[in-house]
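*Asks:* I am attaching a structure below and will ask some questions about it afterwards.
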Amino acid sequence: MDFIFSMGQLLISNLWLIVLGVLVGILVGAIPGFSAANTLIMLLPLTISMEIHSALFFMAAVYAGANSGGSVPAILVQTPGTGGSVATTFDGYPMAQKGLAQQALVIALVASSIGGSFASVIALFATPFLANFALQFKNVEMFIVILFGIVLIAQISGKNLAKGLIAGFFGLLLGAVGFDQMWDIPRGTFGVLELYEGMPKLAALIGMFAISECMFMVNKKSITGKSEMIKTSWEGTKEGILMTVRDRVGLIRSAIIGLLVGILPGAGASIGSMVSYQQARNFSKHPERFGTGIPEGVVASEAANSSVTAGALIPLFTLGIPGSTTTMVMLVVLQAHGLPIGPRLFETAAPLAYSVLLAMLVGSLLMGVIGIPITYKLSKITVIPTSILAPVIVSITVVGAFVGRGYYVDILIAFIFGCIGYLMKKTGYPPHATVLGLILGPMAEGYFLRAMRISGNSITTFFSSPIAVVLWILLLISVFGPSIYRIFKSNFPNRHLDT
Amino acid sequence: MNLKEQLLKLSMPLIIGVFSLYYLSTVWDAPWEAKDYSVGLIVGIFVSFMFLLYKDLRNGKSSQVVSKHMSKDDSKRLISILMLALLFVVSIYFLGYYLATLIFLIIAPWLLGYKHKRSIFLTALIVTTLTYILFGLFLHSRLPQGLFFS
């Protein structure tokens, strides 16, 4: 009882931060090219200085708000604000063209709010069971889980699996820069003293995502190029809410799909909303109407992309594996506050995990209440000149790179990672895989070295437990499964689909 | 295909390859137990590259592609922001964060083609002041003071 009371007290005292987080989230989500992850990277100096509870509440609220904010330009100008809003353009923009822009915006927000709340409640109840299961994961299993996470993110975030794996291994290698954990041998430091402590994760994160994004941004005059303000009325708002509530089954199905996709490391809101949209069309009595501007399409996409956020928190708190780029930033903040990362996180900081999931629930509920009037005003945001925005982003993110460890060299490292991130994006190597590898690298190495030491340097230890064997099988399926499926499909084509 | 594009295509394999070799050289003399993990990763990178090469040879086309071709103007803007960012980073070392930011936020938008002087000055002033209030006064973060002022 005391536990619930103290959690409630904590939430109430930080309510203003959750409201602020939702507002910031909706605002940045509405700017195409910006995302919750980019914003949280920019705000890292702020969140690192905060109490861990407050920082995570704020981050969870930004994360929840950004996915629904992304629907604003998706509906108004057919430019998704975030990756998760791509599927929203399919029906949201046609609705706007039919003169139903206000209704579409309300549907997006209400579906996001309900989807996010539903997924948060499920995550709240499911996380302790999953965390108990995760406690059975020892060094061997955790090493394979990290490899599995890298393989999944490599597979999902890039078009080419080999490139994704190269990026992931490169990240793990970068994570192994600095003193060896057992032998104290400096590795890959280029003689730079500051690198003996390891590669700075904050600087790498900022460079790979924020600075490289600015390099792409400067080649566009404004973020979208066009903007429209919509006319609003109370009737329109009411109609939008009713349209959403009418599609109850679709809402719940999409929220469950989003939650499940969110649990997979690297899958993220874009895949969640696409899968949900596809399923909504499959289950619909009128699949041919999808894409012509129907509320069900907007509901499917938005409910799913919001519930992905709650799903992505589950592997973070139970295994210490981030399910998305945004949760990667959260992991960095958890590490900066000295919390144990891995299955022991939930054991040692269960109240923190519960309260963050509750904050996500509150944020999702608030989104529906405070979001509606704000989104109406947000259509102007889509015309921000990049020539002024990019330098501002660079100048603010530099602070984030510096405050992590207080070394000037980290600013230079962020700049170098910015260039590497740009080249990676330009040539099809997923930077997400590298960053995940870099963040999880020291953990992976630690698990590997301990497992080897305990087993007397026998490599067979990695196949010694049933869980490890199952994880290896799943890993092999995820690597070779798609190729085997393609070969199988080309040898035994499905004639039903042709006819 | 010009040399610039070829270099761009091969940039990541080159960066990863050179870094892996350098890393390997730093652990070469270490006992096997201290380098088995990193050698395993480098082998992973090598095998993945070989797989990529095998697929390219089988398909008859290179997987090292550039996502979008840039016009001369785009290249100029990109190089401008790169040089400006580099100058900004270097100037932080000498002038400190706040002064370097103020100068950077005035010069960069102007060079990138934004010509509203008042907006530029106002943005630079507001961002620098807000950063100072937030980090300097509110959070007491010690940002780089600069060689000339420390």
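Each chain in the structure tokens gets a letter, A, B and so on, in the order shown; residues start at 1 in every chain, and ligands are counted from 1 in the order they appear.
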Would you tabulate, counting only C-alpha atoms, all residues of chain A that have an atom at most 7 Å from an atom of chain B, showing the closest pair of atoms and their distance in Å to one decimal, sorted by chain then ascending number, as a Markdown table?

*Replies:*
```
| residue | atom | partner | partner_atom | distance |
| --- | --- | --- | --- | --- |
| A:Ser49 | CA | B:Leu139 | CA | 6.8 |
| A:Ala162 | CA | B:Ser48 | CA | 5.4 |
| A:Leu165 | CA | B:Ser48 | CA | 6.7 |
| A:Ile166 | CA | B:Ile45 | CA | 5.2 |
| A:Phe169 | CA | B:Leu41 | CA | 5.8 |
| A:Phe170 | CA | B:Ile16 | CA | 6.7 |
| A:Leu173 | CA | B:Ser38 | CA | 6.5 |
| A:Trp183 | CA | B:Ala34 | CA | 6.4 |
| A:Arg187 | CA | B:Thr26 | CA | 5.5 |
| A:Gly188 | CA | B:Tyr23 | CA | 4.6 |
| A:Met215 | CA | B:Leu78 | CA | 6.1 |
| A:Val218 | CA | B:Arg77 | CA | 6.6 |
| A:Asn219 | CA | B:Asp74 | CA | 5.5 |
| A:Ser387 | CA | B:Pro109 | CA | 5.0 |
| A:Ile388 | CA | B:Pro109 | CA | 5.0 |
| A:Pro391 | CA | B:Leu105 | CA | 6.2 |
| A:Val392 | CA | B:Leu105 | CA | 6.7 |
| A:Ser395 | CA | B:Thr101 | CA | 6.2 |
| A:Ile411 | CA | B:Val89 | CA | 6.9 |
| A:Leu412 | CA | B:Val89 | CA | 6.8 |
| A:Leu423 | CA | B:Met12 | CA | 6.8 |
| A:Met424 | CA | B:Met12 | CA | 6.6 |
| A:Lys426 | CA | B:Ser67 | CA | 5.2 |
| A:Thr427 | CA | B:Val66 | CA | 4.8 |
| A:Glu445 | CA | B:Tyr37 | CA | 6.8 |
```

*Asks:* What would the file look like if the residues just selected were written as a short mmCIF file (atom, residue, chain, number, x, y, z; two decimals), in the first residue's frame with N, CA and C atoms?

*Replies:*
```cif
data_model
loop_
_atom_site.label_atom_id
_atom_site.label_comp_id
_atom_site.auth_asym_id
_atom_site.auth_seq_id
_atom_site.Cartn_x
_atom_site.Cartn_y
_atom_site.Cartn_z
N SER A 49 20.94 15.97 -15.66
CA SER A 49 21.05 16.75 -14.43
C SER A 49 19.85 16.55 -13.50
N ALA A 162 23.42 -8.01 -44.33
CA ALA A 162 24.88 -8.03 -44.15
C ALA A 162 25.39 -6.66 -43.71
N LEU A 165 24.51 -6.16 -40.12
CA LEU A 165 25.38 -6.93 -39.22
C LEU A 165 26.75 -6.26 -39.11
N ILE A 166 27.26 -5.77 -40.25
CA ILE A 166 28.56 -5.08 -40.22
C ILE A 166 28.45 -3.87 -39.30
N PHE A 169 28.27 -5.11 -35.60
CA PHE A 169 29.58 -5.58 -35.11
C PHE A 169 30.54 -4.41 -34.93
N PHE A 170 30.45 -3.45 -35.86
CA PHE A 170 31.27 -2.24 -35.75
C PHE A 170 30.96 -1.51 -34.44
N LEU A 173 32.39 -3.36 -31.56
CA LEU A 173 33.84 -3.14 -31.50
C LEU A 173 34.16 -1.77 -30.92
N TRP A 183 41.82 -7.49 -18.09
CA TRP A 183 43.28 -7.45 -18.19
C TRP A 183 43.86 -6.05 -18.17
N ARG A 187 42.73 -0.57 -25.56
CA ARG A 187 42.51 -1.05 -26.94
C ARG A 187 41.84 0.03 -27.79
N GLY A 188 42.35 0.21 -28.98
CA GLY A 188 41.73 1.10 -29.97
C GLY A 188 41.53 2.53 -29.49
N MET A 215 23.08 17.50 -41.25
CA MET A 215 23.77 17.49 -42.55
C MET A 215 22.78 17.22 -43.68
N VAL A 218 20.20 20.52 -44.15
CA VAL A 218 20.59 21.77 -44.81
C VAL A 218 20.32 21.76 -46.32
N ASN A 219 20.08 20.58 -46.87
CA ASN A 219 19.80 20.53 -48.30
C ASN A 219 18.33 20.74 -48.64
N SER A 387 17.95 26.54 -42.63
CA SER A 387 19.22 27.27 -42.52
C SER A 387 19.38 27.89 -41.13
N ILE A 388 18.27 28.06 -40.41
CA ILE A 388 18.38 28.60 -39.05
C ILE A 388 18.24 27.46 -38.03
N PRO A 391 21.80 25.05 -37.55
CA PRO A 391 22.83 25.57 -36.63
C PRO A 391 22.38 25.57 -35.17
N VAL A 392 21.09 25.87 -34.94
CA VAL A 392 20.59 25.87 -33.55
C VAL A 392 20.71 24.46 -32.96
N SER A 395 24.35 23.64 -32.18
CA SER A 395 24.87 24.34 -31.00
C SER A 395 24.33 23.74 -29.70
N ILE A 411 33.31 16.57 -27.70
CA ILE A 411 32.64 17.39 -28.72
C ILE A 411 33.20 17.02 -30.09
N LEU A 412 34.51 16.86 -30.16
CA LEU A 412 35.15 16.46 -31.42
C LEU A 412 34.68 15.07 -31.84
N LEU A 423 27.58 9.32 -43.48
CA LEU A 423 28.04 8.37 -44.50
C LEU A 423 27.26 7.05 -44.41
N MET A 424 26.98 6.63 -43.18
CA MET A 424 26.23 5.38 -43.00
C MET A 424 24.84 5.49 -43.61
N LYS A 426 23.87 7.56 -45.84
CA LYS A 426 24.00 7.79 -47.28
C LYS A 426 24.27 6.48 -48.04
N THR A 427 24.98 5.55 -47.39
CA THR A 427 25.37 4.33 -48.11
C THR A 427 24.61 3.08 -47.63
N GLU A 445 30.57 -7.55 -23.75
CA GLU A 445 31.92 -8.03 -23.48
C GLU A 445 32.03 -8.59 -22.07
#
```

*Asks:* Please identify all polymer residues within 8 Å of Leu366 (chain A), counting only C-alpha atoms, omitting same-chain residues fewer than 4 positions from it, and present them as a ChimeraX atom specification.

*Replies:* /A:19,22,113,362,370-371

*Asks:* Could you write out, as a list in words, all the residues of region 54-272 of chain A that DSSP marks as strand (DSSP E)?

*Replies:*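 Filtering region 54-272 of chain A to strand (DSSP E) leaves Gly178, Phe179, Pro186 and Arg187 of chain A.
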
*Asks:* Neighbours of Lys98 (chain A) within 10 Å (only C-alpha atoms; same-chain residues fewer than 5 positions away dropped), as a list in words?

*Replies:*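 The neighbour list is Gly92, Tyr93, Thr292 and Gly293 of chain A.
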
*Asks:* I need the residues from that last selection saved to file as a CSV table (one decimal), in the first residue's frame (with C-alpha atoms), if you can.

*Replies:*
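Heads up, here's the output in selection.csv:
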```csv
chain,number,residue,atom,x,y,z
A,92,GLY,CA,-5.2,10.9,-43.0
A,93,TYR,CA,-4.2,13.0,-46.0
A,292,THR,CA,-9.3,6.6,-49.8
A,293,GLY,CA,-9.6,8.5,-46.5
```

*Asks:* Please return as a PyMOL selection string: the residues of region 17-126 of chain B that backbone DSSP assigns to helix (DSSP H, G or I).

*Replies:* chain B and resi 17-27+32-59+72-95+97-111+117-126

*Asks:* What is the CA of Gly418 (chain A) to CA of Ala37 (chain A) distance in Å?

*Replies:* 15.4 Å

*Asks:* Hey, what's within 7 Å of region 431-442 of chain A if we count only C-alpha atoms and toss same-chain stuff fewer than 5 positions away? As a count of residues only, please?

*Replies:* 19

*Asks:* Identify, on the basis of only C-alpha atoms, every residue whose closest approach to region 340-352 of chain A does not exceed 7 Å; exclude the query and any residue fewer than 2 positions from it along the same chain; express the result as a short mmCIF file (atom, residue, chain, number, x, y, z; two decimals) with N, CA, C and O atoms, in the first residue's frame.

*Replies:*
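Generated output (result.cif):
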```cif
data_model
loop_
_atom_site.label_atom_id
_atom_site.label_comp_id
_atom_site.auth_asym_id
_atom_site.auth_seq_id
_atom_site.Cartn_x
_atom_site.Cartn_y
_atom_site.Cartn_z
N HIS A 53 13.96 9.77 -11.58
CA HIS A 53 12.51 9.61 -11.77
C HIS A 53 11.98 10.69 -12.71
O HIS A 53 11.32 10.40 -13.69
N ALA A 131 9.97 -9.89 -16.14
CA ALA A 131 11.20 -9.62 -15.39
C ALA A 131 11.62 -10.83 -14.57
O ALA A 131 12.81 -11.15 -14.49
N ALA A 134 13.19 -13.11 -16.87
CA ALA A 134 14.50 -12.59 -17.30
C ALA A 134 15.58 -12.86 -16.25
O ALA A 134 16.76 -12.92 -16.59
N LEU A 135 15.17 -13.03 -14.98
CA LEU A 135 16.17 -13.29 -13.94
C LEU A 135 16.87 -14.64 -14.14
O LEU A 135 17.93 -14.89 -13.59
N PHE A 317 13.33 -2.49 -19.31
CA PHE A 317 13.31 -2.72 -17.87
C PHE A 317 13.53 -4.18 -17.47
O PHE A 317 13.96 -4.45 -16.36
N THR A 318 13.21 -5.12 -18.38
CA THR A 318 13.37 -6.52 -17.99
C THR A 318 14.72 -7.10 -18.38
O THR A 318 15.27 -7.93 -17.68
N LEU A 319 15.25 -6.66 -19.54
CA LEU A 319 16.51 -7.23 -20.02
C LEU A 319 17.63 -6.21 -20.15
O LEU A 319 18.79 -6.56 -20.35
N GLY A 320 17.25 -4.93 -20.09
CA GLY A 320 18.24 -3.88 -20.32
C GLY A 320 18.55 -3.72 -21.79
O GLY A 320 19.58 -3.16 -22.18
N GLN A 335 22.19 4.51 -17.31
CA GLN A 335 23.60 4.20 -17.07
C GLN A 335 24.31 5.38 -16.41
O GLN A 335 25.09 5.20 -15.48
N GLY A 338 23.97 5.52 -12.86
CA GLY A 338 24.59 4.42 -12.14
C GLY A 338 23.68 3.25 -11.82
O GLY A 338 23.97 2.47 -10.91
N TYR A 354 7.91 0.70 -12.59
CA TYR A 354 6.45 0.83 -12.50
C TYR A 354 6.03 2.28 -12.69
O TYR A 354 5.07 2.57 -13.40
N SER A 355 6.75 3.18 -12.01
CA SER A 355 6.32 4.58 -12.09
C SER A 355 6.53 5.15 -13.49
O SER A 355 5.75 6.00 -13.92
N VAL A 356 7.56 4.67 -14.22
CA VAL A 356 7.74 5.17 -15.59
C VAL A 356 6.59 4.67 -16.48
O VAL A 356 6.05 5.42 -17.30
#
```

*Asks:* Quick one, how far is CA of Pro94 (chain A) from CA of Ile75 (chain A)?

*Replies:* 8.0 Å

*Asks:* What lies within 8 Å of Thr88 (chain A) using only C-alpha atoms, ignoring chain neighbours under 4 positions off, as an NGL selection string?

*Replies:* :A and (71 or 74-75 or 80 or 92-93 or 297-298 or 301-302)
